[in-house]
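Novice: Following this line is upload09.cif, made up of mmCIF, C-alpha atoms and all ligand atoms; chains and numbers go by the auth columns:
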data_model
loop_
_atom_site.group_PDB
_atom_site.id
_atom_site.type_symbol
_atom_site.label_atom_id
_atom_site.label_comp_id
_atom_site.label_asym_id
_atom_site.label_seq_id
_atom_site.Cartn_x
_atom_site.Cartn_y
_atom_site.Cartn_z
_atom_site.B_iso_or_equiv
_atom_site.auth_seq_id
_atom_site.auth_asym_id
ATOM 1 C CA ILE A 1 -8.284 17.501 -27.768 0.00 208 A
ATOM 2 C CA HIS A 2 -5.371 18.820 -29.817 0.00 209 A
ATOM 3 C CA ASN A 3 -1.755 18.175 -29.094 0.00 210 A
ATOM 4 C CA VAL A 4 1.331 20.140 -30.029 0.00 211 A
ATOM 5 C CA VAL A 5 4.859 18.843 -29.575 0.00 212 A
ATOM 6 C CA PHE A 6 7.887 21.091 -29.052 0.00 213 A
ATOM 7 C CA SER A 7 11.499 19.947 -29.231 0.00 214 A
ATOM 8 C CA GLU A 8 12.085 21.338 -25.736 0.00 215 A
ATOM 9 C CA SER A 9 9.907 22.194 -22.757 0.00 216 A
ATOM 10 C CA SER A 10 11.344 25.729 -22.625 0.00 217 A
ATOM 11 C CA ILE A 11 9.879 26.470 -26.064 0.00 218 A
ATOM 12 C CA GLY A 12 6.528 24.945 -25.069 0.00 219 A
ATOM 13 C CA SER A 13 6.497 27.020 -21.887 0.00 220 A
ATOM 14 C CA ARG A 14 7.177 30.164 -23.893 0.00 221 A
ATOM 15 C CA SER A 15 4.275 29.433 -26.262 0.00 222 A
ATOM 16 C CA ILE A 16 1.893 28.920 -23.315 0.00 223 A
ATOM 17 C CA ALA A 17 3.072 32.166 -21.687 0.00 224 A
ATOM 18 C CA MET A 18 2.502 33.977 -24.980 0.00 225 A
ATOM 19 C CA GLU A 19 -1.079 32.720 -25.229 0.00 226 A
ATOM 20 C CA ILE A 20 -1.732 33.836 -21.641 0.00 227 A
ATOM 21 C CA ALA A 21 -0.181 37.270 -22.283 0.00 228 A
ATOM 22 C CA ASP A 22 -2.211 37.716 -25.484 0.00 229 A
ATOM 23 C CA LEU A 23 -5.416 36.921 -23.601 0.00 230 A
ATOM 24 C CA ILE A 24 -4.564 39.333 -20.757 0.00 231 A
ATOM 25 C CA ARG A 25 -3.871 42.141 -23.275 0.00 232 A
ATOM 26 C CA HIS A 26 -6.993 41.357 -25.300 0.00 233 A
ATOM 27 C CA LYS A 27 -9.129 41.586 -22.135 0.00 234 A
ATOM 28 C CA GLN A 28 -7.365 44.835 -21.187 0.00 235 A
ATOM 29 C CA SER A 29 -8.208 46.376 -24.549 0.00 236 A
ATOM 30 C CA LYS A 30 -11.900 45.729 -23.821 0.00 237 A
ATOM 31 C CA GLY A 31 -11.690 46.858 -20.187 0.00 238 A
ATOM 32 C CA ASP A 32 -12.443 43.314 -19.021 0.00 239 A
ATOM 33 C CA VAL A 33 -11.122 41.153 -16.232 0.00 240 A
ATOM 34 C CA CYS A 34 -9.061 38.099 -17.265 0.00 241 A
ATOM 35 C CA VAL A 35 -9.767 35.024 -15.136 0.00 242 A
ATOM 36 C CA LEU A 36 -6.904 32.528 -15.046 0.00 243 A
ATOM 37 C CA GLY A 37 -6.955 29.052 -13.499 0.00 244 A
ATOM 38 C CA LEU A 38 -3.465 28.184 -12.249 0.00 245 A
ATOM 39 C CA ALA A 39 -1.539 25.049 -11.342 0.00 246 A
ATOM 40 C CA THR A 40 1.543 24.367 -9.232 0.00 247 A
ATOM 41 C CA GLY A 41 4.226 21.666 -9.414 0.00 248 A
ATOM 42 C CA SER A 42 7.264 21.436 -11.656 0.00 249 A
ATOM 43 C CA SER A 43 5.413 21.628 -14.991 0.00 250 A
ATOM 44 C CA PRO A 44 4.304 25.315 -14.986 0.00 251 A
ATOM 45 C CA LYS A 45 7.507 26.782 -13.490 0.00 252 A
ATOM 46 C CA GLY A 46 8.845 27.702 -16.946 0.00 253 A
ATOM 47 C CA VAL A 47 5.556 29.389 -17.874 0.00 254 A
ATOM 48 C CA TYR A 48 5.602 31.510 -14.696 0.00 255 A
ATOM 49 C CA ASN A 49 9.231 32.408 -15.341 0.00 256 A
ATOM 50 C CA GLU A 50 8.313 33.647 -18.834 0.00 257 A
ATOM 51 C CA LEU A 51 5.349 35.665 -17.501 0.00 258 A
ATOM 52 C CA VAL A 52 7.591 37.321 -14.896 0.00 259 A
ATOM 53 C CA LYS A 53 10.063 38.210 -17.662 0.00 260 A
ATOM 54 C CA MET A 54 7.255 39.644 -19.813 0.00 261 A
ATOM 55 C CA HIS A 55 6.177 41.778 -16.854 0.00 262 A
ATOM 56 C CA GLN A 56 9.707 42.994 -16.122 0.00 263 A
ATOM 57 C CA GLU A 57 10.985 43.439 -19.669 0.00 264 A
ATOM 58 C CA GLU A 58 7.899 44.163 -21.778 0.00 265 A
ATOM 59 C CA GLY A 59 5.666 45.818 -19.188 0.00 266 A
ATOM 60 C CA LEU A 60 2.954 43.132 -19.291 0.00 267 A
ATOM 61 C CA SER A 61 0.488 44.273 -16.618 0.00 268 A
ATOM 62 C CA PHE A 62 -1.611 41.964 -14.458 0.00 269 A
ATOM 63 C CA HIS A 63 -3.851 44.723 -13.067 0.00 270 A
ATOM 64 C CA ASN A 64 -6.975 43.165 -14.622 0.00 271 A
ATOM 65 C CA VAL A 65 -6.084 39.546 -13.776 0.00 272 A
ATOM 66 C CA VAL A 66 -7.998 37.387 -11.289 0.00 273 A
ATOM 67 C CA THR A 67 -6.570 33.959 -10.478 0.00 274 A
ATOM 68 C CA PHE A 68 -8.000 30.753 -9.058 0.00 275 A
ATOM 69 C CA ASN A 69 -5.572 28.012 -8.132 0.00 276 A
ATOM 70 C CA LEU A 70 -6.573 24.424 -8.688 0.00 277 A
ATOM 71 C CA ASP A 71 -5.645 22.946 -5.359 0.00 278 A
ATOM 72 C CA GLU A 72 -3.911 23.078 -1.987 0.00 279 A
ATOM 73 C CA TYR A 73 -2.755 20.426 0.447 0.00 280 A
ATOM 74 C CA PHE A 74 -4.898 19.877 3.561 0.00 281 A
ATOM 75 C CA PRO A 75 -4.152 20.554 6.269 0.00 282 A
ATOM 76 C CA ILE A 76 -1.319 22.978 5.661 0.00 283 A
ATOM 77 C CA ALA A 77 -0.494 26.518 6.825 0.00 284 A
ATOM 78 C CA PRO A 78 -0.261 28.995 3.923 0.00 285 A
ATOM 79 C CA ILE A 79 3.115 30.208 5.233 0.00 286 A
ATOM 80 C CA SER A 80 4.540 26.659 5.201 0.00 287 A
ATOM 81 C CA SER A 81 7.300 26.375 2.589 0.00 288 A
ATOM 82 C CA HIS A 82 5.451 23.278 1.226 0.00 289 A
ATOM 83 C CA SER A 83 2.137 25.019 0.633 0.00 290 A
ATOM 84 C CA TYR A 84 0.907 25.846 -2.822 0.00 291 A
ATOM 85 C CA TRP A 85 0.225 29.345 -1.463 0.00 292 A
ATOM 86 C CA HIS A 86 3.959 29.642 -0.877 0.00 293 A
ATOM 87 C CA PHE A 87 4.798 28.143 -4.286 0.00 294 A
ATOM 88 C CA MET A 88 2.605 30.616 -6.164 0.00 295 A
ATOM 89 C CA HIS A 89 4.058 33.626 -4.375 0.00 296 A
ATOM 90 C CA GLU A 90 7.622 32.407 -4.856 0.00 297 A
ATOM 91 C CA TYR A 91 7.317 31.654 -8.580 0.00 298 A
ATOM 92 C CA LEU A 92 4.780 34.227 -9.759 0.00 299 A
ATOM 93 C CA PHE A 93 2.797 36.546 -7.506 0.00 300 A
ATOM 94 C CA ASP A 94 5.749 38.191 -5.695 0.00 301 A
ATOM 95 C CA HIS A 95 7.185 39.281 -9.047 0.00 302 A
ATOM 96 C CA ILE A 96 4.172 40.761 -10.876 0.00 303 A
ATOM 97 C CA ASN A 97 1.681 43.589 -10.270 0.00 304 A
ATOM 98 C CA ILE A 98 -1.355 41.444 -9.444 0.00 305 A
ATOM 99 C CA ASP A 99 -3.718 42.860 -6.807 0.00 306 A
ATOM 100 C CA PRO A 100 -3.433 40.461 -3.812 0.00 307 A
ATOM 101 C CA GLU A 101 -7.229 40.666 -3.504 0.00 308 A
ATOM 102 C CA ASN A 102 -7.504 39.036 -6.937 0.00 309 A
ATOM 103 C CA ILE A 103 -5.556 35.931 -5.881 0.00 310 A
ATOM 104 C CA ASN A 104 -7.636 32.880 -4.915 0.00 311 A
ATOM 105 C CA ILE A 105 -5.958 29.736 -3.574 0.00 312 A
ATOM 106 C CA PRO A 106 -7.908 27.092 -1.643 0.00 313 A
ATOM 107 C CA LYS A 107 -7.274 27.583 2.071 0.00 314 A
ATOM 108 C CA GLY A 108 -5.373 24.726 3.669 0.00 315 A
ATOM 109 C CA ASP A 109 -5.775 25.888 7.254 0.00 316 A
ATOM 110 C CA LEU A 110 -9.545 25.655 7.779 0.00 317 A
ATOM 111 C CA GLN A 111 -11.261 23.458 10.326 0.00 318 A
ATOM 112 C CA GLU A 112 -12.439 20.312 8.548 0.00 319 A
ATOM 113 C CA SER A 113 -16.029 21.238 9.507 0.00 320 A
ATOM 114 C CA GLU A 114 -15.713 24.511 7.543 0.00 321 A
ATOM 115 C CA VAL A 115 -14.406 22.959 4.337 0.00 322 A
ATOM 116 C CA ARG A 116 -17.686 21.996 2.657 0.00 323 A
ATOM 117 C CA LYS A 117 -19.126 25.486 2.827 0.00 324 A
ATOM 118 C CA TYR A 118 -15.805 27.015 1.828 0.00 325 A
ATOM 119 C CA CYS A 119 -15.578 24.799 -1.281 0.00 326 A
ATOM 120 C CA LEU A 120 -19.069 25.799 -2.404 0.00 327 A
ATOM 121 C CA GLU A 121 -18.085 29.452 -1.957 0.00 328 A
ATOM 122 C CA TYR A 122 -14.965 28.861 -4.080 0.00 329 A
ATOM 123 C CA GLU A 123 -17.162 27.478 -6.876 0.00 330 A
ATOM 124 C CA ARG A 124 -19.561 30.398 -6.563 0.00 331 A
ATOM 125 C CA LYS A 125 -16.744 32.943 -6.612 0.00 332 A
ATOM 126 C CA ILE A 126 -15.485 31.532 -9.929 0.00 333 A
ATOM 127 C CA GLU A 127 -19.021 31.879 -11.290 0.00 334 A
ATOM 128 C CA THR A 128 -19.331 35.517 -10.147 0.00 335 A
ATOM 129 C CA TYR A 129 -16.420 36.360 -12.451 0.00 336 A
ATOM 130 C CA GLY A 130 -18.150 34.608 -15.339 0.00 337 A
ATOM 131 C CA GLY A 131 -16.019 31.470 -15.127 0.00 338 A
ATOM 132 C CA ILE A 132 -12.397 30.715 -15.939 0.00 339 A
ATOM 133 C CA ASP A 133 -11.162 32.098 -19.261 0.00 340 A
ATOM 134 C CA LEU A 134 -8.008 29.990 -19.414 0.00 341 A
ATOM 135 C CA GLN A 135 -7.044 27.073 -17.173 0.00 342 A
ATOM 136 C CA ILE A 136 -3.535 25.669 -17.140 0.00 343 A
ATOM 137 C CA LEU A 137 -2.969 22.108 -15.999 0.00 344 A
ATOM 138 C CA GLY A 138 -0.241 19.574 -15.365 0.00 345 A
ATOM 139 C CA ILE A 139 -0.882 15.839 -15.155 0.00 346 A
ATOM 140 C CA GLY A 140 0.130 13.439 -12.406 0.00 347 A
ATOM 141 C CA ARG A 141 1.399 9.890 -12.940 0.00 348 A
ATOM 142 C CA THR A 142 -2.001 8.605 -11.711 0.00 349 A
ATOM 143 C CA GLY A 143 -3.718 10.574 -14.483 0.00 350 A
ATOM 144 C CA HIS A 144 -4.923 13.185 -12.021 0.00 351 A
ATOM 145 C CA ILE A 145 -5.644 16.780 -13.021 0.00 352 A
ATOM 146 C CA GLY A 146 -5.780 19.121 -10.074 0.00 353 A
ATOM 147 C CA PHE A 147 -5.928 16.533 -7.306 0.00 354 A
ATOM 148 C CA ASN A 148 -8.757 14.615 -8.957 0.00 355 A
ATOM 149 C CA GLU A 149 -7.393 11.132 -8.453 0.00 356 A
ATOM 150 C CA PRO A 150 -8.607 7.919 -10.152 0.00 357 A
ATOM 151 C CA GLY A 151 -12.267 7.384 -9.274 0.00 358 A
ATOM 152 C CA SER A 152 -13.180 11.074 -9.537 0.00 359 A
ATOM 153 C CA HIS A 153 -16.566 11.811 -11.054 0.00 360 A
ATOM 154 C CA VAL A 154 -16.889 13.855 -14.228 0.00 361 A
ATOM 155 C CA ASN A 155 -19.320 16.206 -12.468 0.00 362 A
ATOM 156 C CA SER A 156 -17.211 16.648 -9.314 0.00 363 A
ATOM 157 C CA ILE A 157 -16.810 20.164 -7.913 0.00 364 A
ATOM 158 C CA THR A 158 -14.375 21.793 -5.482 0.00 365 A
ATOM 159 C CA ARG A 159 -14.041 19.486 -2.474 0.00 366 A
ATOM 160 C CA LEU A 160 -11.783 17.780 0.053 0.00 367 A
ATOM 161 C CA VAL A 161 -10.156 14.647 -1.405 0.00 368 A
ATOM 162 C CA THR A 162 -7.766 11.921 -0.258 0.00 369 A
ATOM 163 C CA LEU A 163 -4.476 11.821 -2.151 0.00 370 A
ATOM 164 C CA ASP A 164 -3.450 8.672 -3.992 0.00 371 A
ATOM 165 C CA GLN A 165 -0.415 6.816 -2.578 0.00 372 A
ATOM 166 C CA VAL A 166 1.460 7.339 -5.875 0.00 373 A
ATOM 167 C CA THR A 167 0.859 11.100 -5.636 0.00 374 A
ATOM 168 C CA ARG A 168 2.142 11.152 -2.040 0.00 375 A
ATOM 169 C CA GLU A 169 5.242 9.214 -3.139 0.00 376 A
ATOM 170 C CA ASP A 170 5.862 11.735 -5.918 0.00 377 A
ATOM 171 C CA ALA A 171 5.633 14.572 -3.368 0.00 378 A
ATOM 172 C CA ALA A 172 7.842 12.789 -0.803 0.00 379 A
ATOM 173 C CA GLY A 173 11.021 14.531 -1.999 0.00 380 A
ATOM 174 C CA ASP A 174 9.569 17.989 -1.395 0.00 381 A
ATOM 175 C CA PHE A 175 8.403 17.003 2.099 0.00 382 A
ATOM 176 C CA TYR A 176 11.545 15.052 3.130 0.00 383 A
ATOM 177 C CA GLY A 177 9.620 11.763 3.313 0.00 384 A
ATOM 178 C CA LYS A 178 6.217 10.412 2.328 0.00 385 A
ATOM 179 C CA GLU A 179 5.083 10.347 5.973 0.00 386 A
ATOM 180 C CA ASN A 180 5.231 14.174 5.968 0.00 387 A
ATOM 181 C CA VAL A 181 3.043 14.579 2.868 0.00 388 A
ATOM 182 C CA PRO A 182 -0.502 15.589 3.844 0.00 389 A
ATOM 183 C CA ARG A 183 -3.088 12.860 3.222 0.00 390 A
ATOM 184 C CA LYS A 184 -5.707 15.198 1.842 0.00 391 A
ATOM 185 C CA ALA A 185 -6.125 18.199 -0.394 0.00 392 A
ATOM 186 C CA ILE A 186 -8.764 20.672 -1.501 0.00 393 A
ATOM 187 C CA THR A 187 -9.120 20.593 -5.273 0.00 394 A
ATOM 188 C CA MET A 188 -11.349 22.033 -7.969 0.00 395 A
ATOM 189 C CA GLY A 189 -13.418 19.199 -9.420 0.00 396 A
ATOM 190 C CA ILE A 190 -13.396 17.701 -12.899 0.00 397 A
ATOM 191 C CA GLY A 191 -16.673 19.518 -13.511 0.00 398 A
ATOM 192 C CA THR A 192 -15.097 22.808 -12.400 0.00 399 A
ATOM 193 C CA ILE A 193 -12.149 22.311 -14.762 0.00 400 A
ATOM 194 C CA LEU A 194 -14.321 21.294 -17.736 0.00 401 A
ATOM 195 C CA LYS A 195 -16.268 24.574 -17.447 0.00 402 A
ATOM 196 C CA ALA A 196 -13.126 26.585 -18.333 0.00 403 A
ATOM 197 C CA LYS A 197 -13.423 28.235 -21.740 0.00 404 A
ATOM 198 C CA ARG A 198 -9.894 27.248 -22.727 0.00 405 A
ATOM 199 C CA ILE A 199 -7.577 24.602 -21.254 0.00 406 A
ATOM 200 C CA LEU A 200 -3.831 24.197 -21.770 0.00 407 A
ATOM 201 C CA LEU A 201 -2.360 21.030 -20.259 0.00 408 A
ATOM 202 C CA MET A 202 1.406 20.697 -20.261 0.00 409 A
ATOM 203 C CA ALA A 203 3.546 17.628 -19.684 0.00 410 A
ATOM 204 C CA TRP A 204 7.315 17.478 -19.993 0.00 411 A
ATOM 205 C CA GLY A 205 9.707 14.546 -20.098 0.00 412 A
ATOM 206 C CA GLU A 206 9.582 10.834 -20.611 0.00 413 A
ATOM 207 C CA SER A 207 8.235 10.085 -17.129 0.00 414 A
ATOM 208 C CA LYS A 208 4.880 11.482 -18.363 0.00 415 A
ATOM 209 C CA ALA A 209 4.848 9.598 -21.698 0.00 416 A
ATOM 210 C CA THR A 210 2.742 6.636 -20.501 0.00 417 A
ATOM 211 C CA VAL A 211 0.029 8.697 -18.851 0.00 418 A
ATOM 212 C CA VAL A 212 -0.010 11.190 -21.757 0.00 419 A
ATOM 213 C CA GLY A 213 -0.610 8.321 -24.179 0.00 420 A
ATOM 214 C CA ARG A 214 -3.534 7.061 -22.093 0.00 421 A
ATOM 215 C CA MET A 215 -5.007 10.560 -21.703 0.00 422 A
ATOM 216 C CA ILE A 216 -5.051 11.224 -25.439 0.00 423 A
ATOM 217 C CA GLU A 217 -5.600 7.769 -26.935 0.00 424 A
ATOM 218 C CA GLY A 218 -7.310 5.804 -24.155 0.00 425 A
ATOM 219 C CA ASP A 219 -11.020 5.372 -23.437 0.00 426 A
ATOM 220 C CA ILE A 220 -12.670 8.098 -21.371 0.00 427 A
ATOM 221 C CA SER A 221 -12.794 6.785 -17.810 0.00 428 A
ATOM 222 C CA GLY A 222 -12.561 7.884 -14.198 0.00 429 A
ATOM 223 C CA GLU A 223 -9.605 5.486 -13.934 0.00 430 A
ATOM 224 C CA ILE A 224 -7.539 8.165 -15.717 0.00 431 A
ATOM 225 C CA PRO A 225 -9.359 11.398 -14.840 0.00 432 A
ATOM 226 C CA ALA A 226 -7.392 13.381 -17.456 0.00 433 A
ATOM 227 C CA THR A 227 -9.249 11.389 -20.178 0.00 434 A
ATOM 228 C CA TYR A 228 -12.312 13.535 -19.356 0.00 435 A
ATOM 229 C CA LEU A 229 -10.521 16.348 -21.187 0.00 436 A
ATOM 230 C CA GLN A 230 -11.372 14.485 -24.423 0.00 437 A
ATOM 231 C CA GLN A 231 -14.911 15.803 -23.842 0.00 438 A
ATOM 232 C CA HIS A 232 -13.766 19.441 -23.673 0.00 439 A
ATOM 233 C CA HIS A 233 -14.077 21.432 -26.889 0.00 440 A
ATOM 234 C CA ASN A 234 -11.096 23.764 -26.471 0.00 441 A
ATOM 235 C CA THR A 235 -8.185 21.859 -24.906 0.00 442 A
ATOM 236 C CA THR A 236 -4.622 21.800 -26.189 0.00 443 A
ATOM 237 C CA VAL A 237 -2.056 19.415 -24.740 0.00 444 A
ATOM 238 C CA VAL A 238 1.437 20.904 -24.948 0.00 445 A
ATOM 239 C CA LEU A 239 4.204 18.302 -25.006 0.00 446 A
ATOM 240 C CA ASP A 240 7.929 17.897 -25.559 0.00 447 A
ATOM 241 C CA THR A 241 9.772 15.092 -27.303 0.00 448 A
ATOM 242 C CA GLY A 242 9.939 12.974 -24.144 0.00 449 A
ATOM 243 C CA SER A 243 6.309 13.202 -23.065 0.00 450 A
ATOM 244 C CA SER A 244 5.029 12.539 -26.606 0.00 451 A
ATOM 245 C CA ALA A 245 7.229 9.453 -27.088 0.00 452 A
ATOM 246 C CA TYR A 246 4.398 6.869 -26.930 0.00 453 A
ATOM 247 C CA LEU A 247 1.813 8.659 -29.064 0.00 454 A
ATOM 248 C CA LYS A 248 0.851 6.923 -32.295 0.00 455 A
HETATM 249 C C1 LIG B . -0.789 21.032 -9.117 0.00 501 B
HETATM 250 C C2 LIG B . -1.708 20.012 -9.673 0.00 501 B
HETATM 251 C C3 LIG B . -1.213 18.665 -10.072 0.00 501 B
HETATM 252 C C4 LIG B . 0.080 18.693 -10.884 0.00 501 B
HETATM 253 C C5 LIG B . 0.522 17.289 -11.233 0.00 501 B
HETATM 254 C C6 LIG B . 1.834 17.274 -11.993 0.00 501 B
HETATM 255 O O1 LIG B . -1.492 22.217 -8.817 0.00 501 B
HETATM 256 O O2 LIG B . -2.859 20.282 -9.773 0.00 501 B
HETATM 257 O O3 LIG B . -2.226 18.028 -10.824 0.00 501 B
HETATM 258 O O4 LIG B . -0.130 19.443 -12.049 0.00 501 B
HETATM 259 O O5 LIG B . 0.669 16.539 -10.069 0.00 501 B
HETATM 260 O O6 LIG B . 2.863 17.718 -11.151 0.00 501 B
HETATM 261 P P1 LIG B . 4.302 18.073 -11.744 0.00 501 B
HETATM 262 O O7 LIG B . 4.120 19.249 -12.635 0.00 501 B
HETATM 263 O O8 LIG B . 5.123 18.445 -10.533 0.00 501 B
HETATM 264 O O9 LIG B . 4.791 16.875 -12.457 0.00 501 B
#
Go ahead and express the file in the form of structure tokens.
Ligand code: F6R
Specialist:
Amino acid sequence: IHNVVFSESSIGSRSIAMEIADLIRHKQSKGDVCVLGLATGSSPKGVYNELVKMHQEEGLSFHNVVTFNLDEYFPIAPISSHSYWHFMHEYLFDHINIDPENINIPKGDLQESEVRKYCLEYERKIETYGGIDLQILGIGRTGHIGFNEPGSHVNSITRLVTLDQVTREDAAGDFYGKENVPRKAITMGIGTILKAKRILLMAWGESKATVVGRMIEGDISGEIPATYLQQHHNTTVVLDTGSSAYLK
């Protein structure tokens, strides 16, 4: 695990967007598909904003891009303003030339009895594209990546999980009260994430400093699922002054 610290999150976001754009163009030059793993939440908003600008101002094309989102609340209707489906369209997909057929976001409106099979299909679909070339991640206060909360197994795959109380509290603002936050989510597993060829995790601001310190310097443990990234050979953690405050 490497870490890089920028003076401001906007500069870190720009550097992540540039790595993504370089990869997309490199794949284009070879006639290949570029498979991106995407996250939601406040952390990647700046990255998506930069990618939209690169599309609009520099003609960056997403015609060869296939995306797999990490997670989605369950149950939730895709058209709900709280869904991650809605988030991704609002901040990225509505503003770029991606083929809607190439967008994959876990479905939040299945019957619970259909979820197991659906999750296995999600895993298999990632495999049919040869796996994820570049996965971007945020980190939750519980140490979750995706919605892999404390206690998640290193070999876990895409599945239905129960959200941690801390995670539901952190989402309470968006849902106008914790009681409105769904209790479950569908998430890629730790095992799914660790198979990505390249991982960029971003964390901004002092509220992430404690968990960032434990992720990078703590023992590898399911107590802080993000510590599993220490076992991945090509992960960079992108930080700002605030989130790096407690690193040695
Ligand atoms: C979102 C996701 C979560 C978030 C994490 C941090 O798709 O998988 O792990 O990355 O909860 O959220 P923010 O960025 O809002 O602090």
Novice: Would you place a box with edges along x, y and z of the file around all atoms of ligand LIG 501 (chain B) listed there, add 8 Å to each of its six sides, and report the centre and edge lengths in Å to one decimal, as AutoDock Vina command-line options?
Specialist:
--center_x 1.1 --center_y 19.4 --center_z -10.7 --size_x 24.0 --size_y 21.7 --size_z 19.8
Novice: So, counting only C-alpha atoms, which residue among A:Pro389, A:Gly337, A:Gly253, A:Gly266 is closest to Ile283 (chain A)?
Specialist: A:Pro389
Novice: May I ask for the distance between CA of Lys404 (chain A) and CA of Gly338 (chain A), given in Å to one decimal place?
Specialist: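 Atom-to-atom, CA of Lys404 (chain A) to CA of Gly338 (chain A), that is 7.8 Å.
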Novice: Would you mind listing, for every residue of chain A within 9 Å of ligand LIG 501 (chain B), the two atoms forming the shortest contact and the distance between them in Å to one decimal, using only C-alpha atoms and all ligand atoms, sorted by chain and ascending residue number, as a Markdown table?
Specialist:
| residue | atom | partner | partner_atom | distance |
| --- | --- | --- | --- | --- |
| A:Leu245 | CA | B:LIG501 | O1 | 7.2 |
| A:Ala246 | CA | B:LIG501 | O1 | 3.8 |
| A:Thr247 | CA | B:LIG501 | O1 | 3.7 |
| A:Gly248 | CA | B:LIG501 | O8 | 3.5 |
| A:Ser249 | CA | B:LIG501 | O8 | 3.8 |
| A:Ser250 | CA | B:LIG501 | O7 | 3.6 |
| A:Pro251 | CA | B:LIG501 | O7 | 6.5 |
| A:Lys252 | CA | B:LIG501 | O7 | 8.3 |
| A:Asn276 | CA | B:LIG501 | O1 | 7.1 |
| A:Leu277 | CA | B:LIG501 | O1 | 5.5 |
| A:Asp278 | CA | B:LIG501 | O1 | 5.5 |
| A:Glu279 | CA | B:LIG501 | O1 | 7.3 |
| A:Tyr291 | CA | B:LIG501 | O1 | 7.4 |
| A:Ile343 | CA | B:LIG501 | O4 | 8.7 |
| A:Leu344 | CA | B:LIG501 | O4 | 5.5 |
| A:Gly345 | CA | B:LIG501 | O4 | 3.3 |
| A:Ile346 | CA | B:LIG501 | C6 | 4.4 |
| A:Gly347 | CA | B:LIG501 | O5 | 3.9 |
| A:Arg348 | CA | B:LIG501 | O5 | 7.3 |
| A:Thr349 | CA | B:LIG501 | O5 | 8.5 |
| A:Gly350 | CA | B:LIG501 | O3 | 8.4 |
| A:His351 | CA | B:LIG501 | O3 | 5.7 |
| A:Ile352 | CA | B:LIG501 | O3 | 4.3 |
| A:Gly353 | CA | B:LIG501 | O2 | 3.2 |
| A:Phe354 | CA | B:LIG501 | O3 | 5.3 |
| A:Asn355 | CA | B:LIG501 | O3 | 7.6 |
| A:Glu356 | CA | B:LIG501 | O3 | 8.9 |
| A:Thr374 | CA | B:LIG501 | O5 | 7.0 |
| A:Asp377 | CA | B:LIG501 | O8 | 8.2 |
| A:Ala378 | CA | B:LIG501 | O8 | 8.2 |
| A:Thr394 | CA | B:LIG501 | O2 | 7.7 |
| A:Met395 | CA | B:LIG501 | O2 | 8.9 |
| A:Leu408 | CA | B:LIG501 | O4 | 8.7 |
| A:Met409 | CA | B:LIG501 | O7 | 8.2 |
| A:Ala410 | CA | B:LIG501 | O7 | 7.3 |
| A:Trp411 | CA | B:LIG501 | O9 | 8.0 |
| A:Ser414 | CA | B:LIG501 | O9 | 8.9 |
| A:Lys415 | CA | B:LIG501 | O9 | 8.0 |
Novice: Taking the file as I've supplied it (selection: the PyMOL selection byres (((chain A and resi 396) around 7) and not hetatm)), which residues are included? Please answer as a count of residues only.
Specialist: 11
Novice: For Ser216 (chain A), which residue out of A:Leu243, A:Ile303, A:Ala284, A:Val254 is the nearest one, using all atoms listed in the file?
Specialist: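 Counting all atoms listed in the file, the residue closest to Ser216 (chain A) is A:Val254.
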Novice: For the structure provided, state which residues fall under the PyMOL selection byres (((chain A and resi 392) around 7) and not hetatm), and present them as a list in words.
Specialist: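 The output of the PyMOL selection byres (((chain A and resi 392) around 7) and not hetatm) on this file is Asp278, Glu279, Tyr280, Phe281, Leu367, Val368, Thr369, Leu370, Lys391, Ile393 and Thr394 of chain A.
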Novice: If we count all atoms listed in the file and set the cut-off at 12 Å, which residues sit around Glu376 (chain A), ignoring sequence neighbours fewer than 4 positions away in its own chain? Please answer as a ChimeraX atom specification.
Specialist: /A:347-349,370-372,380-390
Novice: Could you turn the residues from that selection into a file that holds C-alpha atoms, as a short mmCIF file (atom, residue, chain, number, x, y, z; two decimals), in the coordinates of the input?
Specialist:
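The new file again_22.cif reads:
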data_model
loop_
_atom_site.label_atom_id
_atom_site.label_comp_id
_atom_site.auth_asym_id
_atom_site.auth_seq_id
_atom_site.Cartn_x
_atom_site.Cartn_y
_atom_site.Cartn_z
CA GLY A 347 0.13 13.44 -12.41
CA ARG A 348 1.40 9.89 -12.94
CA THR A 349 -2.00 8.60 -11.71
CA LEU A 370 -4.48 11.82 -2.15
CA ASP A 371 -3.45 8.67 -3.99
CA GLN A 372 -0.42 6.82 -2.58
CA GLY A 380 11.02 14.53 -2.00
CA ASP A 381 9.57 17.99 -1.40
CA PHE A 382 8.40 17.00 2.10
CA TYR A 383 11.54 15.05 3.13
CA GLY A 384 9.62 11.76 3.31
CA LYS A 385 6.22 10.41 2.33
CA GLU A 386 5.08 10.35 5.97
CA ASN A 387 5.23 14.17 5.97
CA VAL A 388 3.04 14.58 2.87
CA PRO A 389 -0.50 15.59 3.84
CA ARG A 390 -3.09 12.86 3.22
#
Novice: Can you work out which one of A:Ser451, A:Ser268, A:Thr417, A:Ser217 has the shortest atom-to-atom distance to Lys234 (chain A), counting all atoms listed in the file?
Specialist: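 Selected residue with least distance to Lys234 (chain A): A:Ser268.
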Novice: Which is closer to Ala228 (chain A) than all the others in A:Glu215, A:Ile286, A:Ile208, A:Leu258, using all atoms listed in the file?
Specialist: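 Comparing A:Glu215, A:Ile286, A:Ile208, A:Leu258 against Ala228 (chain A), the winner is A:Leu258.
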Novice: Smallest atom-to-atom distance to Ala433 (chain A): which of A:Lys455, A:Arg232, A:His360, A:His262, using all atoms listed in the file?
Specialist: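 Nearest candidate to Ala433 (chain A) out of A:Lys455, A:Arg232, A:His360, A:His262: A:His360.
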Novice: Which one of A:His209, A:His439, A:His233, A:His270 sits closest to Lys402 (chain A) if you count all atoms listed in the file?
Specialist: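 Among the listed residues, A:His439 lies closest to Lys402 (chain A).
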Novice: I'd like the interatomic distance between CA of His440 (chain A) and CA of Ile305 (chain A), to a tenth of an Å.
Specialist: 29.4 Å
